[in-house]
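Below: structure23.pdb (PDB, C-alpha atoms)
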```
ATOM      1  CA  MET A  17      51.017-109.858 108.980
ATOM      2  CA  VAL A  18      51.337-106.339 107.611
ATOM      3  CA  GLU A  19      53.817-104.241 109.430
ATOM      4  CA  ARG A  20      52.212-101.106 110.919
ATOM      5  CA  ARG A  21      54.092 -97.887 110.528
ATOM      6  CA  PRO A  22      53.448 -94.860 112.671
ATOM      7  CA  GLY A  23      51.033 -92.471 110.907
ATOM      8  CA  VAL A  24      50.233 -94.858 108.036
ATOM      9  CA  MET A  25      46.855 -96.656 107.812
ATOM     10  CA  PRO A  26      46.976-100.213 106.532
ATOM     11  CA  PRO A  27      44.971-100.983 103.385
ATOM     12  CA  LYS A  28      41.461-102.291 103.940
ATOM     13  CA  PRO A  29      40.856-105.823 102.984
ATOM     14  CA  GLY A  30      38.508-106.394 100.001
ATOM     15  CA  PRO A  31      38.478-106.555  96.213
ATOM     16  CA  PRO A  32      40.903-104.326  94.293
ATOM     17  CA  PRO A  33      39.570-100.954  92.898
ATOM     18  CA  ARG A  34      37.901-100.947  89.450
ATOM     19  CA  GLN A  35      39.938 -99.450  86.599
ATOM     20  CA  VAL A  36      38.273 -96.731  84.315
ATOM     21  CA  SER A  37      39.100 -96.929  80.645
ATOM     22  CA  ARG A  38      40.854 -94.055  78.877
ATOM     23  CA  ASP A  39      38.058 -93.673  76.299
ATOM     24  CA  ARG A  40      35.515 -93.080  79.010
ATOM     25  CA  ILE A  41      37.703 -90.437  80.668
ATOM     26  CA  ARG A  42      38.077 -88.700  77.309
ATOM     27  CA  ARG A  43      34.309 -88.679  76.726
ATOM     28  CA  ARG A  44      33.699 -87.209  80.181
ATOM     29  CA  ARG A  45      36.216 -84.431  79.567
ATOM     30  CA  LEU A  46      34.710 -83.585  76.181
ATOM     31  CA  GLY A  47      31.218 -83.487  77.691
ATOM     32  CA  ALA A  48      32.330 -81.151  80.448
ATOM     33  CA  ALA A  49      34.073 -78.822  77.980
ATOM     34  CA  GLY A  50      30.985 -78.769  75.769
ATOM     35  CA  GLY A  51      28.780 -77.837  78.732
ATOM     36  CA  ILE A  52      31.067 -74.962  79.675
ATOM     37  CA  LEU A  53      31.117 -73.688  76.089
ATOM     38  CA  LEU A  54      27.314 -73.873  75.899
ATOM     39  CA  ALA A  55      26.969 -71.899  79.145
ATOM     40  CA  VAL A  56      29.315 -69.190  77.869
ATOM     41  CA  LEU A  57      27.333 -68.864  74.627
ATOM     42  CA  ILE A  58      24.049 -68.552  76.536
ATOM     43  CA  VAL A  59      25.439 -65.793  78.804
ATOM     44  CA  PHE A  60      26.850 -63.922  75.807
ATOM     45  CA  ALA A  61      23.493 -64.079  74.012
ATOM     46  CA  ILE A  62      21.642 -62.738  77.082
ATOM     47  CA  VAL A  63      24.046 -59.777  77.430
ATOM     48  CA  LYS A  64      23.773 -58.954  73.721
ATOM     49  CA  ILE A  65      19.964 -58.941  73.785
ATOM     50  CA  ALA A  66      19.879 -56.797  76.931
ATOM     51  CA  GLY A  67      22.312 -54.336  75.374
ATOM     52  CA  ARG A  68      20.170 -53.923  72.289
ATOM     53  CA  GLY A  69      17.027 -53.300  74.341
ATOM     54  CA  GLY A  70      18.594 -50.548  76.508
ATOM     55  CA  SER A  71      20.230 -48.424  73.827
ATOM     56  CA  THR A  72      18.837 -46.211  71.126
ATOM     57  CA  PRO A  73      20.099 -46.293  67.584
ATOM     58  CA  PRO A  74      22.308 -43.369  66.602
ATOM     59  CA  PRO A  75      20.419 -40.485  65.009
ATOM     60  CA  PRO A  76      20.608 -40.218  61.257
ATOM     61  CA  THR A  77      23.279 -37.883  59.980
ATOM     62  CA  THR A  78      21.832 -34.590  58.735
ATOM     63  CA  VAL A  79      23.446 -31.614  57.057
ATOM     64  CA  ALA A  80      22.562 -28.240  58.680
ATOM     65  CA  ALA A  81      21.107 -25.698  56.316
ATOM     66  CA  ALA A  82      23.425 -22.755  55.688
ATOM     67  CA  GLN A  83      22.324 -19.670  57.614
ATOM     68  CA  PRO A  84      21.878 -16.525  55.507
ATOM     69  CA  LYS A  85      24.635 -13.977  56.013
ATOM     70  CA  PRO A  86      23.207 -10.851  57.687
ATOM     71  CA  PHE A  87      23.733  -7.304  56.487
ATOM     72  CA  ARG A  88      24.978  -4.667  58.912
ATOM     73  CA  ILE A  89      23.854  -1.126  59.609
ATOM     74  CA  VAL A  90      25.848   1.290  61.783
ATOM     75  CA  PHE A  91      24.246   4.244  63.560
ATOM     76  CA  PRO A  92      26.957   6.537  65.009
ATOM     77  CA  GLU A  93      26.320   8.357  68.290
ATOM     78  CA  GLY A  94      24.682  11.729  67.734
ATOM     79  CA  MET A  95      22.624  10.808  64.673
ATOM     80  CA  ASN A  96      19.067  12.084  64.719
ATOM     81  CA  ARG A  97      16.005  10.137  63.596
ATOM     82  CA  ASP A  98      15.904  11.626  60.085
ATOM     83  CA  GLU A  99      19.595  10.863  59.567
ATOM     84  CA  MET A 100      19.021   7.299  60.734
ATOM     85  CA  ALA A 101      16.160   6.925  58.248
ATOM     86  CA  HIS A 102      18.473   8.095  55.472
ATOM     87  CA  ARG A 103      21.142   5.629  56.600
ATOM     88  CA  VAL A 104      18.545   2.828  56.518
ATOM     89  CA  GLN A 105      17.658   3.718  52.928
ATOM     90  CA  VAL A 106      21.298   3.740  51.807
ATOM     91  CA  VAL A 107      22.145   0.423  53.458
ATOM     92  CA  ALA A 108      18.919  -1.227  52.232
ATOM     93  CA  LYS A 109      19.792  -0.202  48.675
ATOM     94  CA  ILE A 110      23.244  -1.787  49.028
ATOM     95  CA  ALA A 111      21.687  -4.950  50.463
ATOM     96  CA  GLN A 112      19.202  -5.125  47.592
ATOM     97  CA  HIS A 113      22.033  -4.824  45.082
ATOM     98  CA  LYS A 114      23.858  -7.729  46.750
ATOM     99  CA  LYS A 115      20.693  -9.864  46.914
ATOM    100  CA  PRO A 116      18.796  -9.011  43.723
ATOM    101  CA  ASN A 117      16.640 -12.134  44.020
ATOM    102  CA  LYS A 118      15.302 -11.151  47.440
ATOM    103  CA  HIS A 119      13.135  -8.204  48.451
ATOM    104  CA  VAL A 120      14.805  -6.098  51.197
ATOM    105  CA  ARG A 121      12.010  -4.840  53.413
ATOM    106  CA  LEU A 122      13.827  -1.981  55.184
ATOM    107  CA  SER A 123      13.277   1.504  53.798
ATOM    108  CA  SER A 124      13.446   5.115  54.898
ATOM    109  CA  ALA A 125       9.667   5.557  54.772
ATOM    110  CA  SER A 126       8.917   2.402  56.764
ATOM    111  CA  TYR A 127      11.563   3.351  59.355
ATOM    112  CA  LEU A 128       9.970   6.780  59.876
ATOM    113  CA  ARG A 129       6.544   5.135  60.237
ATOM    114  CA  ALA A 130       7.871   2.594  62.736
ATOM    115  CA  SER A 131       9.481   5.324  64.860
ATOM    116  CA  GLN A 132       6.417   7.499  65.316
ATOM    117  CA  PRO A 133       5.728   8.897  68.848
ATOM    118  CA  ARG A 134       4.676   6.368  71.461
ATOM    119  CA  PRO A 135       4.794   5.853  75.241
ATOM    120  CA  VAL A 136       8.204   4.622  76.372
ATOM    121  CA  ASP A 137       8.677   2.392  79.415
ATOM    122  CA  GLY A 138      10.070   4.365  82.338
ATOM    123  CA  PHE A 139       9.058   7.743  80.870
ATOM    124  CA  GLY A 140       5.381   7.925  81.785
ATOM    125  CA  VAL A 141       2.234   7.295  79.777
ATOM    126  CA  LYS A 142       2.674  10.302  77.502
ATOM    127  CA  LYS A 143       3.653   9.630  73.915
ATOM    128  CA  HIS A 144       7.214  10.687  73.249
ATOM    129  CA  ASN A 145       8.948  11.554  70.029
ATOM    130  CA  LEU A 146      11.421   8.673  69.707
ATOM    131  CA  GLU A 147      14.305  11.084  69.123
ATOM    132  CA  GLY A 148      16.795  10.203  71.864
ATOM    133  CA  PHE A 149      15.458   6.681  72.359
ATOM    134  CA  LEU A 150      16.784   5.161  69.110
ATOM    135  CA  PHE A 151      20.017   3.847  70.547
ATOM    136  CA  PRO A 152      23.034   4.335  68.247
ATOM    137  CA  ALA A 153      24.907   1.075  67.677
ATOM    138  CA  THR A 154      25.631  -1.589  65.060
ATOM    139  CA  TYR A 155      22.685  -3.791  64.072
ATOM    140  CA  ASP A 156      22.520  -6.884  61.848
ATOM    141  CA  PHE A 157      19.524  -7.479  59.621
ATOM    142  CA  LEU A 158      18.300  -9.886  56.952
ATOM    143  CA  ALA A 159      16.386  -9.212  53.761
ATOM    144  CA  ASN A 160      13.096  -9.952  55.543
ATOM    145  CA  THR A 161      13.849  -7.794  58.617
ATOM    146  CA  THR A 162      11.204  -5.077  59.010
ATOM    147  CA  SER A 163      11.674  -1.504  60.158
ATOM    148  CA  LYS A 164       9.436  -2.289  63.108
ATOM    149  CA  GLN A 165      11.882  -4.986  64.199
ATOM    150  CA  LEU A 166      14.870  -2.666  63.754
ATOM    151  CA  VAL A 167      13.263   0.132  65.785
ATOM    152  CA  GLN A 168      12.346  -2.348  68.514
ATOM    153  CA  ALA A 169      15.954  -3.560  68.620
ATOM    154  CA  GLN A 170      17.071   0.048  69.092
ATOM    155  CA  LEU A 171      14.550   0.598  71.885
ATOM    156  CA  ASP A 172      15.660  -2.616  73.585
ATOM    157  CA  ALA A 173      19.289  -1.460  73.372
ATOM    158  CA  PHE A 174      18.278   1.924  74.783
ATOM    159  CA  HIS A 175      16.611   0.356  77.828
ATOM    160  CA  SER A 176      19.574  -1.960  78.372
ATOM    161  CA  ASN A 177      21.961   1.011  78.454
ATOM    162  CA  TRP A 178      19.660   3.476  80.216
ATOM    163  CA  GLY A 179      19.391   0.993  83.070
ATOM    164  CA  LYS A 180      23.099   1.612  83.759
ATOM    165  CA  VAL A 181      22.535   5.348  84.365
ATOM    166  CA  ASP A 182      22.185   6.524  87.971
ATOM    167  CA  LEU A 183      19.704   9.420  88.056
ATOM    168  CA  SER A 184      19.962  10.166  91.779
ATOM    169  CA  TYR A 185      22.077  13.336  91.378
ATOM    170  CA  ALA A 186      19.912  14.723  88.574
ATOM    171  CA  ARG A 187      16.749  14.151  90.593
ATOM    172  CA  LYS A 188      18.252  16.190  93.441
ATOM    173  CA  LYS A 189      18.526  19.024  90.923
ATOM    174  CA  ASN A 190      14.819  18.637  90.058
ATOM    175  CA  LEU A 191      15.532  17.121  86.670
ATOM    176  CA  THR A 192      13.389  14.315  85.259
ATOM    177  CA  ALA A 193      14.648  11.282  83.382
ATOM    178  CA  TYR A 194      13.522  12.931  80.135
ATOM    179  CA  ASP A 195      15.409  16.120  81.053
ATOM    180  CA  VAL A 196      18.574  14.059  81.474
ATOM    181  CA  LEU A 197      18.023  12.414  78.093
ATOM    182  CA  ILE A 198      17.642  15.841  76.463
ATOM    183  CA  ILE A 199      20.853  17.037  78.134
ATOM    184  CA  ALA A 200      22.605  13.858  76.963
ATOM    185  CA  SER A 201      21.640  14.657  73.365
ATOM    186  CA  LEU A 202      23.067  18.190  73.706
ATOM    187  CA  VAL A 203      26.288  16.803  75.146
ATOM    188  CA  GLU A 204      26.520  14.293  72.303
ATOM    189  CA  LYS A 205      26.267  17.031  69.679
ATOM    190  CA  GLU A 206      28.708  19.406  71.379
ATOM    191  CA  ALA A 207      31.449  17.097  72.721
ATOM    192  CA  LEU A 208      34.148  15.741  70.431
ATOM    193  CA  ALA A 209      36.720  14.928  73.116
ATOM    194  CA  PRO A 210      35.298  12.165  75.351
ATOM    195  CA  ASP A 211      36.709  13.641  78.572
ATOM    196  CA  GLU A 212      34.838  16.912  77.962
ATOM    197  CA  ARG A 213      31.369  15.382  78.084
ATOM    198  CA  PRO A 214      30.900  15.860  81.865
ATOM    199  CA  LYS A 215      32.230  19.453  81.655
ATOM    200  CA  ILE A 216      29.779  20.407  78.890
ATOM    201  CA  ALA A 217      26.999  18.828  80.951
ATOM    202  CA  ARG A 218      28.066  21.015  83.896
ATOM    203  CA  VAL A 219      27.816  24.174  81.767
ATOM    204  CA  ILE A 220      24.246  23.180  80.863
ATOM    205  CA  TYR A 221      23.358  22.533  84.526
ATOM    206  CA  ASN A 222      24.865  25.863  85.562
ATOM    207  CA  ARG A 223      23.055  27.842  82.880
ATOM    208  CA  LEU A 224      19.742  26.176  83.713
ATOM    209  CA  HIS A 225      20.279  27.035  87.375
ATOM    210  CA  ALA A 226      21.072  30.661  86.439
ATOM    211  CA  HIS A 227      17.967  30.837  84.169
ATOM    212  CA  MET A 228      20.179  31.645  81.192
ATOM    213  CA  ASN A 229      19.539  30.597  77.632
ATOM    214  CA  LEU A 230      21.718  27.610  76.736
ATOM    215  CA  GLY A 231      23.186  29.255  73.638
ATOM    216  CA  ILE A 232      23.847  25.938  71.843
ATOM    217  CA  ASP A 233      23.955  26.181  68.052
ATOM    218  CA  ALA A 234      23.052  22.511  67.620
ATOM    219  CA  THR A 235      19.566  23.025  69.083
ATOM    220  CA  THR A 236      18.875  25.914  66.714
ATOM    221  CA  ARG A 237      20.064  23.915  63.719
ATOM    222  CA  TYR A 238      17.857  20.979  64.742
ATOM    223  CA  GLY A 239      14.724  23.097  65.197
ATOM    224  CA  LEU A 240      15.203  25.081  62.010
ATOM    225  CA  HIS A 241      16.664  22.187  59.920
ATOM    226  CA  VAL A 242      19.887  24.049  59.190
ATOM    227  CA  PRO A 243      22.757  21.711  58.242
ATOM    228  CA  GLY A 244      26.112  22.011  59.946
ATOM    229  CA  THR A 245      27.718  23.049  56.679
ATOM    230  CA  LYS A 246      25.665  26.256  56.583
ATOM    231  CA  SER A 247      26.133  29.314  58.826
ATOM    232  CA  LEU A 248      23.221  30.459  60.967
ATOM    233  CA  THR A 249      21.739  33.776  59.825
ATOM    234  CA  GLN A 250      20.758  36.619  62.139
ATOM    235  CA  SER A 251      17.084  35.968  61.439
ATOM    236  CA  GLU A 252      17.529  32.325  62.377
ATOM    237  CA  LEU A 253      19.339  33.266  65.589
ATOM    238  CA  ALA A 254      16.466  35.601  66.467
ATOM    239  CA  SER A 255      13.818  32.978  65.713
ATOM    240  CA  SER A 256      11.201  32.192  68.347
ATOM    241  CA  ASN A 257      11.412  28.489  67.528
ATOM    242  CA  PRO A 258      11.446  26.645  70.901
ATOM    243  CA  TYR A 259      14.646  24.846  69.883
ATOM    244  CA  ASN A 260      16.477  28.143  69.290
ATOM    245  CA  THR A 261      18.487  28.321  72.511
ATOM    246  CA  ARG A 262      20.624  31.050  70.934
ATOM    247  CA  ASN A 263      17.697  33.425  71.513
ATOM    248  CA  PRO A 264      18.253  35.033  74.969
ATOM    249  CA  ASN A 265      14.503  35.004  75.605
ATOM    250  CA  ILE A 266      14.254  31.217  75.228
ATOM    251  CA  THR A 267      15.511  29.616  78.418
ATOM    252  CA  GLY A 268      15.407  26.058  79.691
ATOM    253  CA  LEU A 269      15.820  22.863  77.717
ATOM    254  CA  PRO A 270      14.529  22.323  74.180
ATOM    255  CA  PRO A 271      11.242  20.375  73.953
ATOM    256  CA  THR A 272      12.859  17.055  72.967
ATOM    257  CA  PRO A 273      16.279  15.498  72.501
ATOM    258  CA  ILE A 274      17.980  16.721  69.338
ATOM    259  CA  ALA A 275      19.869  13.484  68.628
ATOM    260  CA  ASN A 276      20.307   9.939  69.860
ATOM    261  CA  PRO A 277      23.079   9.825  72.484
ATOM    262  CA  GLY A 278      25.298   6.945  73.483
ATOM    263  CA  LEU A 279      25.856   5.652  76.997
ATOM    264  CA  ALA A 280      28.859   7.917  77.746
ATOM    265  CA  SER A 281      26.817  11.067  77.091
ATOM    266  CA  MET A 282      23.894   9.705  79.116
ATOM    267  CA  GLN A 283      26.176   9.126  82.082
ATOM    268  CA  ALA A 284      27.790  12.555  81.703
ATOM    269  CA  ALA A 285      24.342  14.178  81.638
ATOM    270  CA  ALA A 286      23.430  12.398  84.870
ATOM    271  CA  HIS A 287      26.796  13.082  86.567
ATOM    272  CA  PRO A 288      28.375  16.344  85.372
ATOM    273  CA  SER A 289      31.829  17.435  86.483
ATOM    274  CA  ALA A 290      32.181  19.871  89.368
ATOM    275  CA  GLY A 291      32.824  23.416  88.154
ATOM    276  CA  ASN A 292      31.376  26.918  87.822
ATOM    277  CA  TRP A 293      31.732  27.271  84.038
ATOM    278  CA  LEU A 294      29.050  29.102  82.066
ATOM    279  CA  TYR A 295      30.719  29.304  78.663
ATOM    280  CA  PHE A 296      32.853  27.198  76.368
ATOM    281  CA  VAL A 297      34.408  27.876  72.999
ATOM    282  CA  ARG A 298      36.015  25.434  70.583
ATOM    283  CA  LYS A 299      39.770  25.679  70.242
ATOM    284  CA  ARG A 300      41.727  25.818  67.002
ATOM    285  CA  ASP A 301      42.089  22.035  66.899
ATOM    286  CA  LYS A 302      38.288  21.864  66.374
ATOM    287  CA  VAL A 303      38.094  19.126  69.009
ATOM    288  CA  HIS A 304      38.727  20.569  72.470
ATOM    289  CA  HIS A 305      37.042  23.492  74.233
ATOM    290  CA  TYR A 306      38.086  26.319  76.507
ATOM    291  CA  PHE A 307      35.807  26.612  79.560
ATOM    292  CA  THR A 308      35.253  29.734  81.621
ATOM    293  CA  ASN A 309      32.696  31.419  83.886
ATOM    294  CA  ASN A 310      33.553  34.923  82.662
ATOM    295  CA  TYR A 311      31.798  36.362  79.632
ATOM    296  CA  ASN A 312      34.606  38.756  78.671
ATOM    297  CA  ASP A 313      37.114  35.896  78.940
ATOM    298  CA  PHE A 314      34.859  33.890  76.652
ATOM    299  CA  LEU A 315      34.762  36.718  74.079
ATOM    300  CA  ASN A 316      38.544  37.161  74.240
ATOM    301  CA  HIS A 317      39.106  33.458  73.506
ATOM    302  CA  GLN A 318      36.583  33.574  70.697
ATOM    303  CA  ARG A 319      38.702  36.249  69.035
ATOM    304  CA  GLN A 320      41.887  34.369  69.890
ATOM    305  CA  TYR A 321      40.594  31.230  68.162
ATOM    306  CA  GLY A 322      39.403  33.162  65.117
ATOM    307  CA  TYR A 323      35.637  33.187  65.651
TER     308      TYR A 323
END
```
Step by step, read the file and then write its structure as structure tokens.
Amino acid sequence: MVERRPGVMPPKPGPPPRQVSRDRIRRRRLGAAGGILLAVLIVFAIVKIAGRGGSTPPPPTTVAAAQPKPFRIVFPEGMNRDEMAHRVQVVAKIAQHKKPNKHVRLSSASYLRASQPRPVDGFGVKKHNLEGFLFPATYDFLANTTSKQLVQAQLDAFHSNWGKVDLSYARKKNLTAYDVLIIASLVEKEALAPDERPKIARVIYNRLHAHMNLGIDATTRYGLHVPGTKSLTQSELASSNPYNTRNPNITGLPPTPIANPGLASMQAAAHPSAGNWLYFVRKRDKVHHYFTNNYNDFLNHQRQYGY
């Protein structure tokens, strides 16, 4: 009899269990390990192939060609078209000297041809002399840059800046956009101190309103081609040239701008300062002006400043 113990099942009667040899166990273990290794290799191969199919090979390494160094031309505010053409010629000559193996296409003659009168967007269908529209700024150019391209760059810069000018006040005074541009050119030639631009513009507005001649030397010099280094003669001051605003019988604005103004002068021409001035005279410092609405006061200060 086999003694029963609580919770313990007695062994079943029958033949004893069969023993498995150690060699067989070893073979089974090696087979299992080999199967696992084979499965891992297969998975790795599948991932590698998929990775190659979904990616693109890196682009070949290339060396960027060196960009040619541009030349630079500076047009100061207040330059007129002829002066700009001269500046183009001078700078083109320097550029040609620096690049003797390349032909520099800019020239004074080609610049004058490229800036012939034409209609200008925003100023009607009439052809306009491009004086006033050739925006003064710094421009880069290459040896193969043409004058046509340079002039177009100046016109593009003009439109970009002109778009910032509010003409509402000027229109209330019955002035056109072209009138404002002409006034801006006069302001540019007369003002040396930046804060005086709106005051000079006001003198011009007031004299136009009073039907007085403008009396601005710069217009007379422009119309008669008299350089600033030369004094105006009595015959020149009495000239009937339409640009001679020193002649009391010639009232209103000159026919065209007399220079190419910058943005500050454009804005001053559109928004003059408040004031009743009719005259201004340059002070001894050759920069600032004395403003007055009295002619005798104007003459007294002329004498005081040595004019």
Check which residues satisfy the PyMOL selection byres ((chain A and resi 302) around 12) in the file shown, then give them as a PDB file with C-alpha atoms, in the coordinates of the input.
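Printed below is expr-v2.pdb as written:
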```pdb
ATOM      1  CA  GLU A 206      28.708  19.406  71.379  1.00  0.00           C
ATOM      2  CA  ALA A 207      31.449  17.097  72.721  1.00  0.00           C
ATOM      3  CA  LEU A 208      34.148  15.741  70.431  1.00  0.00           C
ATOM      4  CA  ALA A 209      36.720  14.928  73.116  1.00  0.00           C
ATOM      5  CA  VAL A 297      34.408  27.876  72.999  1.00  0.00           C
ATOM      6  CA  ARG A 298      36.015  25.434  70.583  1.00  0.00           C
ATOM      7  CA  LYS A 299      39.770  25.679  70.242  1.00  0.00           C
ATOM      8  CA  ARG A 300      41.727  25.818  67.002  1.00  0.00           C
ATOM      9  CA  ASP A 301      42.089  22.035  66.899  1.00  0.00           C
ATOM     10  CA  VAL A 303      38.094  19.126  69.009  1.00  0.00           C
ATOM     11  CA  HIS A 304      38.727  20.569  72.470  1.00  0.00           C
ATOM     12  CA  HIS A 305      37.042  23.492  74.233  1.00  0.00           C
ATOM     13  CA  TYR A 306      38.086  26.319  76.507  1.00  0.00           C
ATOM     14  CA  TYR A 321      40.594  31.230  68.162  1.00  0.00           C
ATOM     15  CA  GLY A 322      39.403  33.162  65.117  1.00  0.00           C
ATOM     16  CA  TYR A 323      35.637  33.187  65.651  1.00  0.00           C
TER      17      TYR A 323
END
```
Could you list the residues chosen by the PyMOL selection byres ((chain A and resi 127) around 12) in this structure as an NGL selection string? :A and (97-105 or 108 or 121-126 or 128-132 or 146 or 150 or 161-168 or 170)
How many Å separate CA of His144 (chain A) from CA of Val106 (chain A)? 26.6 Å
Using only C-alpha atoms, find the one residue out of A:Leu240, A:Ala290, A:Ile220, A:Val120 that sits nearest to Thr267 (chain A). A:Ile220
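Using only C-alpha atoms, the nearest neighbour of Gly179 (chain A) within the list A:Pro152, A:Tyr194, A:Thr261, A:Met282 is A:Met282.
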Would you translate the PyMOL selection byres ((chain A and resi 239) around 8) into the concrete set of residues it matches in this file, as an MDAnalysis selection string? chainID A and resid 235:238 240:242 257:260
In Å to one decimal, how far is CA of Asn160 (chain A) from CA of Ala111 (chain A)? 11.2 Å
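Nearest residue to Ser176 (chain A), choosing from A:Asp137, A:Glu212, A:Leu230, A:Val203 and counting only C-alpha atoms: A:Asp137.
Pairwise distance (CA of Lys205 (chain A), CA of Gly148 (chain A)) equals 11.9 Å.
By chain and then residue number, the residues within 8 Å of Leu158 (chain A) are Pro84, Lys85, Pro86, Phe87 and Val120 of chain A, counting all atoms listed in the file and disregarding those fewer than 5 positions away in sequence.
Each of A:Leu224, A:Val219, A:Val181, A:Ala234 was compared to Ser247 (chain A) using only C-alpha atoms, and A:Ala234 turns out to be the nearest.
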Taking all atoms listed in the file into account, which of A:Ala284, A:Ala217, A:Leu279, A:Leu191 comes nearest Phe174 (chain A)? A:Leu279
Determine, counting all atoms listed in the file, which protein, DNA and RNA residues have an atom within 7 Å of an atom of Thr272 (chain A); residues of the same chain fewer than 2 positions away are not included. Present the result as JSON, numbers by chain. {"A": [198, 270, 274]}
From A:Pro264, A:Val136, A:Glu147, A:Phe296, residue lying nearest Gln318 (chain A) [only C-alpha atoms]: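 Closest to Gln318 (chain A) of all the choices is A:Phe296.
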Within 12 Å of Ser184 (chain A), counting only C-alpha atoms, which residues show up once you throw out same-chain ones fewer than 4 positions away? Write them as a VMD selection string, please. chain A and resid 188 to 193 196 283 285 to 287
